[in-house]
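Source file: work_32.csv; contents: CSV, C-alpha atoms.
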```
chain,number,residue,atom,x,y,z
A,298,MET,CA,55.4,-3.7,52.7
A,299,ARG,CA,54.6,-5.8,55.8
A,300,LEU,CA,52.8,-3.9,58.6
A,301,CYS,CA,52.1,-4.8,62.1
A,302,MET,CA,50.6,-3.2,65.2
A,303,THR,CA,51.7,-3.3,68.8
A,304,LYS,CA,49.2,-4.2,71.5
A,305,ARG,CA,49.2,-0.6,72.6
A,306,ILE,CA,48.2,0.6,69.1
A,307,ARG,CA,45.5,-2.1,68.8
A,308,SER,CA,44.2,-1.1,72.3
A,309,TYR,CA,44.2,2.6,71.3
A,310,MET,CA,42.3,1.9,68.1
A,311,CYS,CA,39.7,-0.2,69.9
A,312,SER,CA,39.2,2.5,72.5
A,313,ALA,CA,38.9,5.1,69.7
A,314,PHE,CA,36.2,3.1,67.9
A,315,ILE,CA,34.2,2.6,71.1
A,316,ALA,CA,34.5,6.3,71.9
A,317,ALA,CA,33.4,7.3,68.3
A,318,ARG,CA,30.4,4.9,68.4
A,319,ALA,CA,29.3,6.3,71.7
A,320,GLU,CA,29.7,9.9,70.5
A,321,PHE,CA,28.4,9.7,67.0
A,322,GLY,CA,26.5,6.4,66.7
A,323,TYR,CA,27.5,3.6,64.5
A,324,ASN,CA,26.4,3.6,60.8
A,325,THR,CA,27.8,2.5,57.4
A,326,THR,CA,29.5,5.9,56.8
A,327,MET,CA,31.2,5.8,60.2
A,328,ARG,CA,32.4,2.3,59.6
A,329,ARG,CA,34.0,3.2,56.3
A,330,ARG,CA,35.8,6.2,57.8
A,331,PHE,CA,37.0,4.2,60.7
A,332,LEU,CA,38.3,1.4,58.6
A,333,SER,CA,40.2,4.0,56.5
A,334,PHE,CA,41.7,5.2,59.8
A,335,VAL,CA,42.6,1.7,60.7
A,336,LEU,CA,44.4,1.1,57.4
A,337,ILE,CA,46.3,4.4,57.5
A,338,LEU,CA,47.4,4.3,61.1
A,339,PRO,CA,49.9,1.4,60.8
A,340,LEU,CA,51.8,3.4,58.2
A,341,PHE,CA,52.9,5.7,61.0
A,342,ALA,CA,53.1,3.0,63.7
A,343,ALA,CA,54.6,0.1,61.8
A,344,CYS,CA,56.6,-2.3,64.0
A,345,ARG,CA,60.3,-2.4,63.5
A,346,LYS,CA,61.5,-5.9,63.3
A,347,SER,CA,63.9,-6.8,66.1
A,348,PRO,CA,67.5,-7.3,64.9
A,349,GLU,CA,68.8,-10.8,64.5
A,350,PRO,CA,71.0,-12.1,67.3
A,351,PRO,CA,74.8,-12.4,66.5
A,352,ARG,CA,75.7,-15.2,64.2
A,353,THR,CA,78.4,-17.8,65.1
A,354,GLY,CA,79.8,-20.5,62.9
A,355,GLU,CA,83.0,-22.4,62.1
A,356,ALA,CA,85.4,-21.3,59.3
A,357,LEU,CA,89.1,-20.9,58.7
A,358,GLY,CA,89.7,-23.5,61.4
A,359,THR,CA,88.2,-21.5,64.1
A,360,VAL,CA,85.0,-20.2,65.7
A,361,CYS,CA,83.8,-17.0,64.0
A,362,THR,CA,81.2,-14.6,65.3
A,363,VAL,CA,79.7,-11.4,63.8
A,364,ASN,CA,77.5,-9.0,65.7
A,365,ALA,CA,75.9,-6.3,63.6
A,366,PHE,CA,73.8,-5.1,66.6
A,367,ALA,CA,70.7,-3.1,65.5
A,368,ASP,CA,71.4,-3.6,61.8
A,369,GLY,CA,71.7,-7.4,62.0
A,370,THR,CA,69.5,-9.3,59.6
A,371,ALA,CA,69.3,-13.0,58.5
A,372,ALA,CA,70.2,-11.9,55.0
A,373,LEU,CA,73.2,-9.9,56.2
A,374,TYR,CA,74.6,-12.8,58.3
A,375,ASP,CA,73.9,-15.3,55.5
A,376,ALA,CA,76.0,-13.1,53.1
A,377,LEU,CA,78.8,-12.7,55.6
A,378,PHE,CA,79.1,-16.4,56.4
A,379,ALA,CA,78.8,-17.4,52.8
A,380,ARG,CA,81.8,-15.1,52.0
A,381,LEU,CA,83.7,-16.7,54.9
A,382,ARG,CA,83.1,-20.2,53.5
A,383,GLN,CA,84.2,-19.0,50.1
A,384,ILE,CA,87.5,-17.6,51.6
A,385,ASP,CA,88.0,-20.9,53.5
A,386,GLY,CA,87.6,-22.8,50.3
A,387,ILE,CA,90.5,-20.8,48.8
A,388,PHE,CA,93.0,-20.6,51.6
A,389,SER,CA,92.5,-23.9,53.5
A,390,ALA,CA,95.8,-25.9,53.9
A,391,THR,CA,93.9,-29.0,54.9
A,392,ASP,CA,91.2,-29.2,52.3
A,393,ALA,CA,92.5,-31.0,49.2
A,394,ARG,CA,90.0,-29.1,47.0
A,395,SER,CA,91.3,-25.6,47.9
A,396,GLU,CA,93.3,-23.4,45.6
A,397,LEU,CA,96.1,-23.3,48.2
A,398,SER,CA,96.3,-27.1,48.2
A,399,ALA,CA,96.6,-27.1,44.4
A,400,VAL,CA,99.6,-24.8,44.7
A,401,ASN,CA,101.2,-27.0,47.3
A,402,ARG,CA,100.7,-30.2,45.3
A,403,ALA,CA,102.5,-28.7,42.3
A,404,ALA,CA,105.6,-27.6,44.4
A,405,GLY,CA,108.9,-28.2,42.6
A,406,GLU,CA,107.0,-29.1,39.4
A,407,ARG,CA,105.0,-26.2,37.9
A,408,ALA,CA,103.5,-22.8,38.5
A,409,VAL,CA,99.7,-22.8,39.2
A,410,SER,CA,97.5,-20.0,38.0
A,411,VAL,CA,95.3,-18.9,40.9
A,412,SER,CA,92.5,-16.4,41.6
A,413,GLY,CA,93.3,-12.8,42.1
A,414,GLU,CA,92.3,-13.2,45.7
A,415,LEU,CA,94.8,-15.9,46.5
A,416,PHE,CA,97.5,-14.1,44.4
A,417,SER,CA,97.1,-10.8,46.3
A,418,VAL,CA,97.2,-12.4,49.8
A,419,VAL,CA,100.4,-14.5,48.9
A,420,GLN,CA,101.9,-11.3,47.5
A,421,ALA,CA,101.1,-9.5,50.8
A,422,ALA,CA,102.5,-12.4,52.8
A,423,LEU,CA,105.7,-12.3,50.9
A,424,ARG,CA,106.0,-8.5,51.6
A,425,VAL,CA,105.6,-9.1,55.3
A,426,SER,CA,108.1,-12.0,55.1
A,427,ALA,CA,110.7,-9.6,53.6
A,428,LEU,CA,109.8,-6.8,56.0
A,429,THR,CA,110.4,-9.1,59.0
A,430,ASP,CA,113.4,-10.9,57.6
A,431,GLY,CA,111.5,-14.2,57.6
A,432,ALA,CA,110.2,-14.1,61.2
A,433,PHE,CA,106.8,-14.4,59.4
A,434,ASP,CA,107.2,-16.9,56.6
A,435,CYS,CA,104.2,-18.1,54.5
A,436,THR,CA,106.1,-21.2,53.4
A,437,VAL,CA,106.2,-22.6,56.9
A,438,GLY,CA,103.8,-25.4,55.9
A,439,PRO,CA,106.2,-28.3,56.2
A,440,LEU,CA,107.1,-27.4,59.8
A,441,VAL,CA,103.4,-26.9,60.7
A,442,SER,CA,102.5,-30.3,59.3
A,443,LEU,CA,105.5,-31.9,61.0
A,444,TRP,CA,104.7,-30.6,64.5
A,445,GLY,CA,100.9,-31.2,64.1
A,446,ILE,CA,100.1,-28.8,66.9
A,447,ALA,CA,96.3,-28.5,67.5
A,448,THR,CA,95.8,-31.8,65.8
A,449,ASP,CA,95.5,-35.3,67.2
A,450,HIS,CA,99.0,-36.2,66.1
A,451,ALA,CA,100.9,-33.4,67.8
A,452,ARG,CA,104.5,-34.5,68.7
A,453,VAL,CA,108.1,-33.4,69.0
A,454,PRO,CA,109.8,-34.3,65.8
A,455,SER,CA,113.3,-35.7,65.7
A,456,ASP,CA,116.2,-33.4,64.8
A,457,ALA,CA,116.6,-35.0,61.4
A,458,GLU,CA,112.9,-34.6,60.7
A,459,ARG,CA,113.0,-31.0,61.8
A,460,GLU,CA,116.0,-30.1,59.8
A,461,SER,CA,114.5,-31.8,56.7
A,462,ALA,CA,111.3,-29.8,57.0
A,463,ARG,CA,113.2,-26.6,57.8
A,464,SER,CA,115.2,-26.9,54.6
A,465,LEU,CA,111.9,-26.6,52.6
A,466,VAL,CA,111.0,-23.3,54.3
A,467,GLY,CA,112.0,-20.1,52.6
A,468,TRP,CA,109.8,-17.3,51.3
A,469,ARG,CA,112.3,-16.4,48.6
A,470,ASP,CA,111.6,-19.7,46.9
A,471,CYS,CA,107.9,-18.7,46.4
A,472,VAL,CA,107.8,-17.1,43.0
A,473,LEU,CA,104.9,-15.0,41.7
A,474,SER,CA,104.1,-14.1,38.2
A,475,ALA,CA,101.6,-11.2,37.7
A,476,GLU,CA,101.4,-12.0,34.0
A,477,ASP,CA,99.4,-15.1,34.5
A,478,SER,CA,98.5,-14.7,38.2
A,479,SER,CA,100.6,-17.8,39.1
A,480,VAL,CA,102.3,-19.1,42.2
A,481,PHE,CA,105.3,-21.4,42.0
A,482,LEU,CA,107.0,-23.1,44.9
A,483,ALA,CA,110.6,-23.9,43.7
A,484,LYS,CA,111.3,-27.0,45.8
A,485,LYS,CA,109.4,-30.2,45.8
A,486,GLY,CA,107.8,-30.7,49.3
A,487,MET,CA,107.4,-26.9,49.9
A,488,ALA,CA,104.0,-25.8,51.2
A,489,LEU,CA,102.3,-22.5,51.8
A,490,ASP,CA,100.5,-22.1,55.1
A,491,LEU,CA,98.5,-18.8,55.3
A,492,GLY,CA,97.0,-19.5,58.7
A,493,GLY,CA,98.9,-16.5,60.0
A,494,ILE,CA,97.3,-14.1,57.6
A,495,ALA,CA,94.1,-15.5,56.1
A,496,LYS,CA,91.9,-14.6,59.1
A,497,GLY,CA,93.1,-11.1,59.0
A,498,TYR,CA,92.3,-10.9,55.3
A,499,ALA,CA,88.8,-12.4,56.0
A,500,ALA,CA,88.2,-9.8,58.7
A,501,ASP,CA,89.0,-7.0,56.2
A,502,VAL,CA,86.6,-8.5,53.7
A,503,LEU,CA,83.8,-8.7,56.1
A,504,ALA,CA,84.4,-5.2,57.4
A,505,ASP,CA,84.2,-3.9,53.8
A,506,ILE,CA,80.9,-5.7,53.3
A,507,LEU,CA,79.4,-4.2,56.5
A,508,ARG,CA,80.5,-0.7,55.4
A,509,ALA,CA,79.0,-1.2,52.0
A,510,ARG,CA,75.7,-2.2,53.5
A,511,LYS,CA,75.7,0.9,55.8
A,512,VAL,CA,75.9,-1.1,59.0
A,513,ARG,CA,76.3,1.5,61.7
A,514,ARG,CA,78.2,-0.7,64.2
A,515,ALA,CA,79.5,-4.2,64.3
A,516,VAL,CA,82.1,-6.5,65.9
A,517,ILE,CA,83.8,-9.2,63.9
A,518,ASN,CA,85.6,-11.9,65.9
A,519,LEU,CA,87.4,-14.6,63.8
A,520,GLY,CA,89.0,-16.7,66.5
A,521,GLY,CA,90.7,-13.7,68.2
A,522,THR,CA,91.2,-11.6,65.0
A,523,ILE,CA,88.8,-8.8,65.8
A,524,TYR,CA,87.5,-5.9,63.7
A,525,VAL,CA,85.3,-3.2,65.3
A,526,VAL,CA,83.3,-1.3,62.7
A,527,GLY,CA,81.6,2.0,63.0
A,528,THR,CA,80.9,3.7,66.3
A,529,LYS,CA,79.2,2.6,69.5
A,530,ALA,CA,75.6,3.9,70.0
A,531,ASP,CA,76.7,6.0,73.0
A,532,GLY,CA,79.7,7.5,71.2
A,533,THR,CA,82.3,6.0,73.6
A,534,PRO,CA,85.3,4.1,72.2
A,535,TRP,CA,85.1,0.4,71.7
A,536,ARG,CA,86.8,-1.5,74.5
A,537,VAL,CA,88.6,-4.7,73.3
A,538,GLY,CA,90.0,-7.0,75.9
A,539,VAL,CA,93.4,-8.8,75.7
A,540,LYS,CA,93.5,-12.2,77.4
A,541,ASN,CA,95.6,-13.0,80.4
A,542,PRO,CA,98.2,-15.6,79.1
A,543,ASP,CA,98.0,-17.4,82.5
A,544,ASP,CA,94.2,-17.5,82.5
A,545,PRO,CA,92.8,-17.1,79.0
A,546,GLN,CA,89.3,-17.9,80.1
A,547,GLY,CA,89.3,-15.5,83.0
A,548,GLU,CA,89.5,-11.8,83.3
A,549,PRO,CA,91.5,-10.0,80.6
A,550,ALA,CA,95.0,-8.8,81.4
A,551,LEU,CA,94.1,-5.4,79.9
A,552,ALA,CA,91.8,-3.7,77.5
A,553,LEU,CA,92.2,-1.2,74.7
A,554,ASP,CA,89.9,1.8,74.0
A,555,LEU,CA,89.7,2.2,70.3
A,556,GLY,CA,87.8,3.6,67.3
A,557,GLU,CA,87.2,1.6,64.1
A,558,VAL,CA,90.2,-0.7,63.7
A,559,ALA,CA,91.5,-4.3,63.7
A,560,VAL,CA,92.9,-5.8,66.9
A,561,VAL,CA,94.8,-9.1,66.6
A,562,THR,CA,96.6,-11.0,69.3
A,563,SER,CA,99.0,-14.0,69.2
A,564,GLY,CA,100.2,-15.8,72.2
A,565,ASP,CA,101.8,-19.0,73.5
A,566,TYR,CA,98.6,-20.0,75.3
A,567,GLU,CA,96.3,-20.3,72.2
A,568,ARG,CA,97.3,-23.7,70.9
A,569,PHE,CA,99.9,-26.0,72.4
A,570,PHE,CA,100.7,-29.5,73.7
A,571,GLU,CA,102.9,-30.9,76.4
A,572,GLN,CA,105.4,-33.7,76.1
A,573,ASP,CA,107.7,-34.9,78.9
A,574,GLY,CA,106.7,-31.9,81.0
A,575,ILE,CA,107.6,-29.3,78.3
A,576,ARG,CA,105.0,-27.1,76.7
A,577,TYR,CA,105.2,-26.6,72.9
A,578,HIS,CA,103.1,-23.8,71.4
A,579,HIS,CA,102.0,-23.3,67.8
A,580,ILE,CA,104.0,-20.1,66.9
A,581,LEU,CA,107.0,-21.7,65.0
A,582,ASP,CA,110.3,-19.9,64.4
A,583,PRO,CA,111.1,-20.6,60.7
A,584,LYS,CA,114.8,-20.3,61.3
A,585,THR,CA,115.0,-22.9,64.1
A,586,GLY,CA,112.1,-25.1,63.3
A,587,PHE,CA,111.0,-25.0,67.0
A,588,PRO,CA,108.2,-23.1,68.7
A,589,ALA,CA,109.6,-19.6,69.1
A,590,ARG,CA,111.6,-19.0,72.3
A,591,THR,CA,111.3,-15.4,73.2
A,592,ASP,CA,110.7,-13.1,76.1
A,593,LEU,CA,107.0,-12.7,75.2
A,594,ARG,CA,103.8,-14.3,76.2
A,595,SER,CA,101.6,-12.4,73.8
A,596,VAL,CA,101.6,-9.6,71.2
A,597,THR,CA,98.6,-7.5,70.1
A,598,VAL,CA,98.7,-5.4,67.0
A,599,VAL,CA,96.3,-2.6,66.2
A,600,HIS,CA,95.9,-1.4,62.6
A,601,GLN,CA,93.4,-0.5,59.9
A,602,SER,CA,94.4,-3.6,58.0
A,603,ALA,CA,93.6,-6.8,59.8
A,604,LEU,CA,95.7,-8.7,57.3
A,605,LEU,CA,98.8,-6.8,58.2
A,606,ALA,CA,98.0,-6.9,62.0
A,607,ASP,CA,97.5,-10.7,61.8
A,608,ALA,CA,100.8,-11.4,60.1
A,609,LEU,CA,102.8,-9.0,62.3
A,610,THR,CA,101.6,-10.5,65.5
A,611,THR,CA,103.3,-13.8,64.5
A,612,ALA,CA,106.4,-12.0,63.4
A,613,PHE,CA,106.6,-9.8,66.5
A,614,PHE,CA,106.2,-12.9,68.8
A,615,VAL,CA,109.1,-14.6,67.0
A,616,LEU,CA,111.3,-11.5,67.0
A,617,GLY,CA,110.9,-10.9,70.7
A,618,MET,CA,110.3,-7.6,72.6
A,619,ASP,CA,113.2,-5.4,71.6
A,620,LYS,CA,113.2,-6.1,67.8
A,621,SER,CA,109.4,-6.0,67.6
A,622,ARG,CA,109.1,-2.8,69.4
A,623,GLU,CA,111.7,-1.2,67.2
A,624,LEU,CA,110.1,-2.4,64.0
A,625,ALA,CA,106.6,-1.4,65.2
A,626,GLN,CA,107.8,2.1,66.1
A,627,ARG,CA,109.6,2.4,62.7
A,628,LEU,CA,106.5,1.3,60.8
A,629,GLY,CA,104.2,3.5,62.9
A,630,ILE,CA,102.1,0.5,64.0
A,631,GLY,CA,100.5,0.2,67.4
A,632,ALA,CA,101.4,-2.9,69.5
A,633,VAL,CA,101.0,-4.1,73.0
A,634,PHE,CA,103.4,-6.7,74.5
A,635,ILE,CA,102.9,-8.9,77.5
A,636,ALA,CA,106.3,-10.2,78.6
A,637,GLU,CA,107.3,-13.5,80.3
A,638,ASN,CA,107.5,-11.6,83.6
A,639,HIS,CA,103.9,-10.3,83.0
A,640,ALA,CA,105.0,-6.8,82.4
A,641,VAL,CA,102.9,-4.9,79.9
A,642,SER,CA,104.3,-2.3,77.5
A,643,ALA,CA,103.0,-0.6,74.4
A,644,THR,CA,104.3,1.5,71.5
A,645,ASP,CA,104.1,5.2,72.1
A,646,ASP,CA,101.1,5.9,69.9
A,647,LEU,CA,99.0,3.2,71.7
A,648,ALA,CA,100.0,3.7,75.3
A,649,GLN,CA,97.2,6.1,76.1
A,650,ASN,CA,94.6,3.6,74.9
A,651,VAL,CA,95.7,0.8,77.3
A,652,VAL,CA,93.5,0.2,80.3
A,653,LEU,CA,95.0,-2.1,83.0
A,654,PHE,CA,92.8,-4.0,85.4
```

Take the structure in this file and express it as structure tokens.
Amino acid sequence: MRLCMTKRIRSYMCSAFIAARAEFGYNTTMRRRFLSFVLILPLFAACRKSPEPPRTGEALGTVCTVNAFADGTAALYDALFARLRQIDGIFSATDARSELSAVNRAAGERAVSVSGELFSVVQAALRVSALTDGAFDCTVGPLVSLWGIATDHARVPSDAERESARSLVGWRDCVLSAEDSSVFLAKKGMALDLGGIAKGYAADVLADILRARKVRRAVINLGGTIYVVGTKADGTPWRVGVKNPDDPQGEPALALDLGEVAVVTSGDYERFFEQDGIRYHHILDPKTGFPARTDLRSVTVVHQSALLADALTTAFFVLGMDKSRELAQRLGIGAVFIAENHAVSATDDLAQNVVLF
């Protein structure tokens, strides 16, 4: 065990020794007794090492930050970011070495046996696809690649290109086999893109690691996919801001006061490009092949599962205000909507948690 003494303790010990020598004289017996005192005292006054600062790195195509506050250690952050890199290596749609890429390369030809991790996330993605009638569709990969939004080759595709890519999008053509943990894309040219659910899954995994390691409080932020773990030191709720779509770098449009939960926001201001004076954002409507045209600027979903919240923010944005609100209420899921006219509304169970600025 490593022990250390503060300046205050060292000063106290020095003063004590001087006082003892003045009072009793200095001899061999006194020296031995005092040294015993010196060795024992640090056991009661050992220095607590300061926590590590929050760790930030890149993974899953975004900037990721974890703050474990007083329980943050280098070993903890190393483990968390190693796990993030592992998840990235499975779910990346751009890394040819990833498991997901192997599935996409085999589209229309054969099923690919995958890890339980990828299998379970694709399975969850297909459930959300069915639940939202394809507003969220994990086979949207051909359209994502065609538009190239957030890359250096972003462009508006021709109608023919768009229709060709759209014909390859359809979650019902993604076939899973639990027997051999395999994934099969029925049409050649199909491609899974789990960008709308993988960050949520990763946030859930990191939250579980933090709980297993008895971390008392932490904030996970994976490019806007947020998980708050534990309770604040002063016992007050966590306050999570929701960006202003017109000024994402400025003051938040609102905040949510919450307990331990995931908070995920999707909006038309996150990734986009402009061509001929028209702005094209990254949330694509699988049924039209265009960026979704709705009455919303952003959607925030609050849920214990970051995976589900992540996927539903995309689906809700595509569905628009009325359908999304109805589905959220039916599922008992909290959501906050910022409309095109900047009006803010929330599902009934979340309204009391909204703080407007």

Shortest interatomic distance to Asp490 of chain A - which of A:Ala589, A:Leu624, A:Cys361, A:Val400, counting all atoms listed in the file: A:Val400

Please produce, as a Markdown table, a per-residue contact table for segment 494-579 of chain A versus segment 441-448 of chain A (criterion: any atom at most 10 Å away, all atoms listed in the file considered), showing the nearest atom pair and its distance in Å to one decimal, sorted by chain then residue number.
```
| residue | atom | partner | partner_atom | distance |
| --- | --- | --- | --- | --- |
| A:Glu567 | CA | A:Ala447 | CA | 9.5 |
| A:Arg568 | CA | A:Ala447 | CA | 6.0 |
| A:Phe569 | CA | A:Ile446 | CA | 6.2 |
| A:Phe570 | CA | A:Ile446 | CA | 6.9 |
| A:Tyr577 | CA | A:Ile446 | CA | 8.2 |
| A:His578 | CA | A:Ile446 | CA | 7.4 |
| A:His579 | CA | A:Ile446 | CA | 5.9 |
```

Just-selected residues, C-alpha atoms written as a CSV table (one decimal), keeping the file's coordinate frame:
```csv
chain,number,residue,atom,x,y,z
A,567,GLU,CA,96.3,-20.3,72.2
A,568,ARG,CA,97.3,-23.7,70.9
A,569,PHE,CA,99.9,-26.0,72.4
A,570,PHE,CA,100.7,-29.5,73.7
A,577,TYR,CA,105.2,-26.6,72.9
A,578,HIS,CA,103.1,-23.8,71.4
A,579,HIS,CA,102.0,-23.3,67.8
```

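Going from atom CA of Asp449 of chain A to atom CA of Phe613 of chain A covers 27.8 Å.
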
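When all atoms listed in the file are used to measure the gap to Tyr566 of chain A, the shortest distance among A:Asn518, A:Ser461, A:Asn541, A:Thr370 belongs to A:Asn541.
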
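We find atom CA of Ser563 of chain A and atom CA of Thr610 of chain A to be spaced 5.7 Å apart.
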
Distance of atom CA of Arg536 of chain A from atom CA of Ala367 of chain A, expressed in Å to one decimal place: 18.5 Å
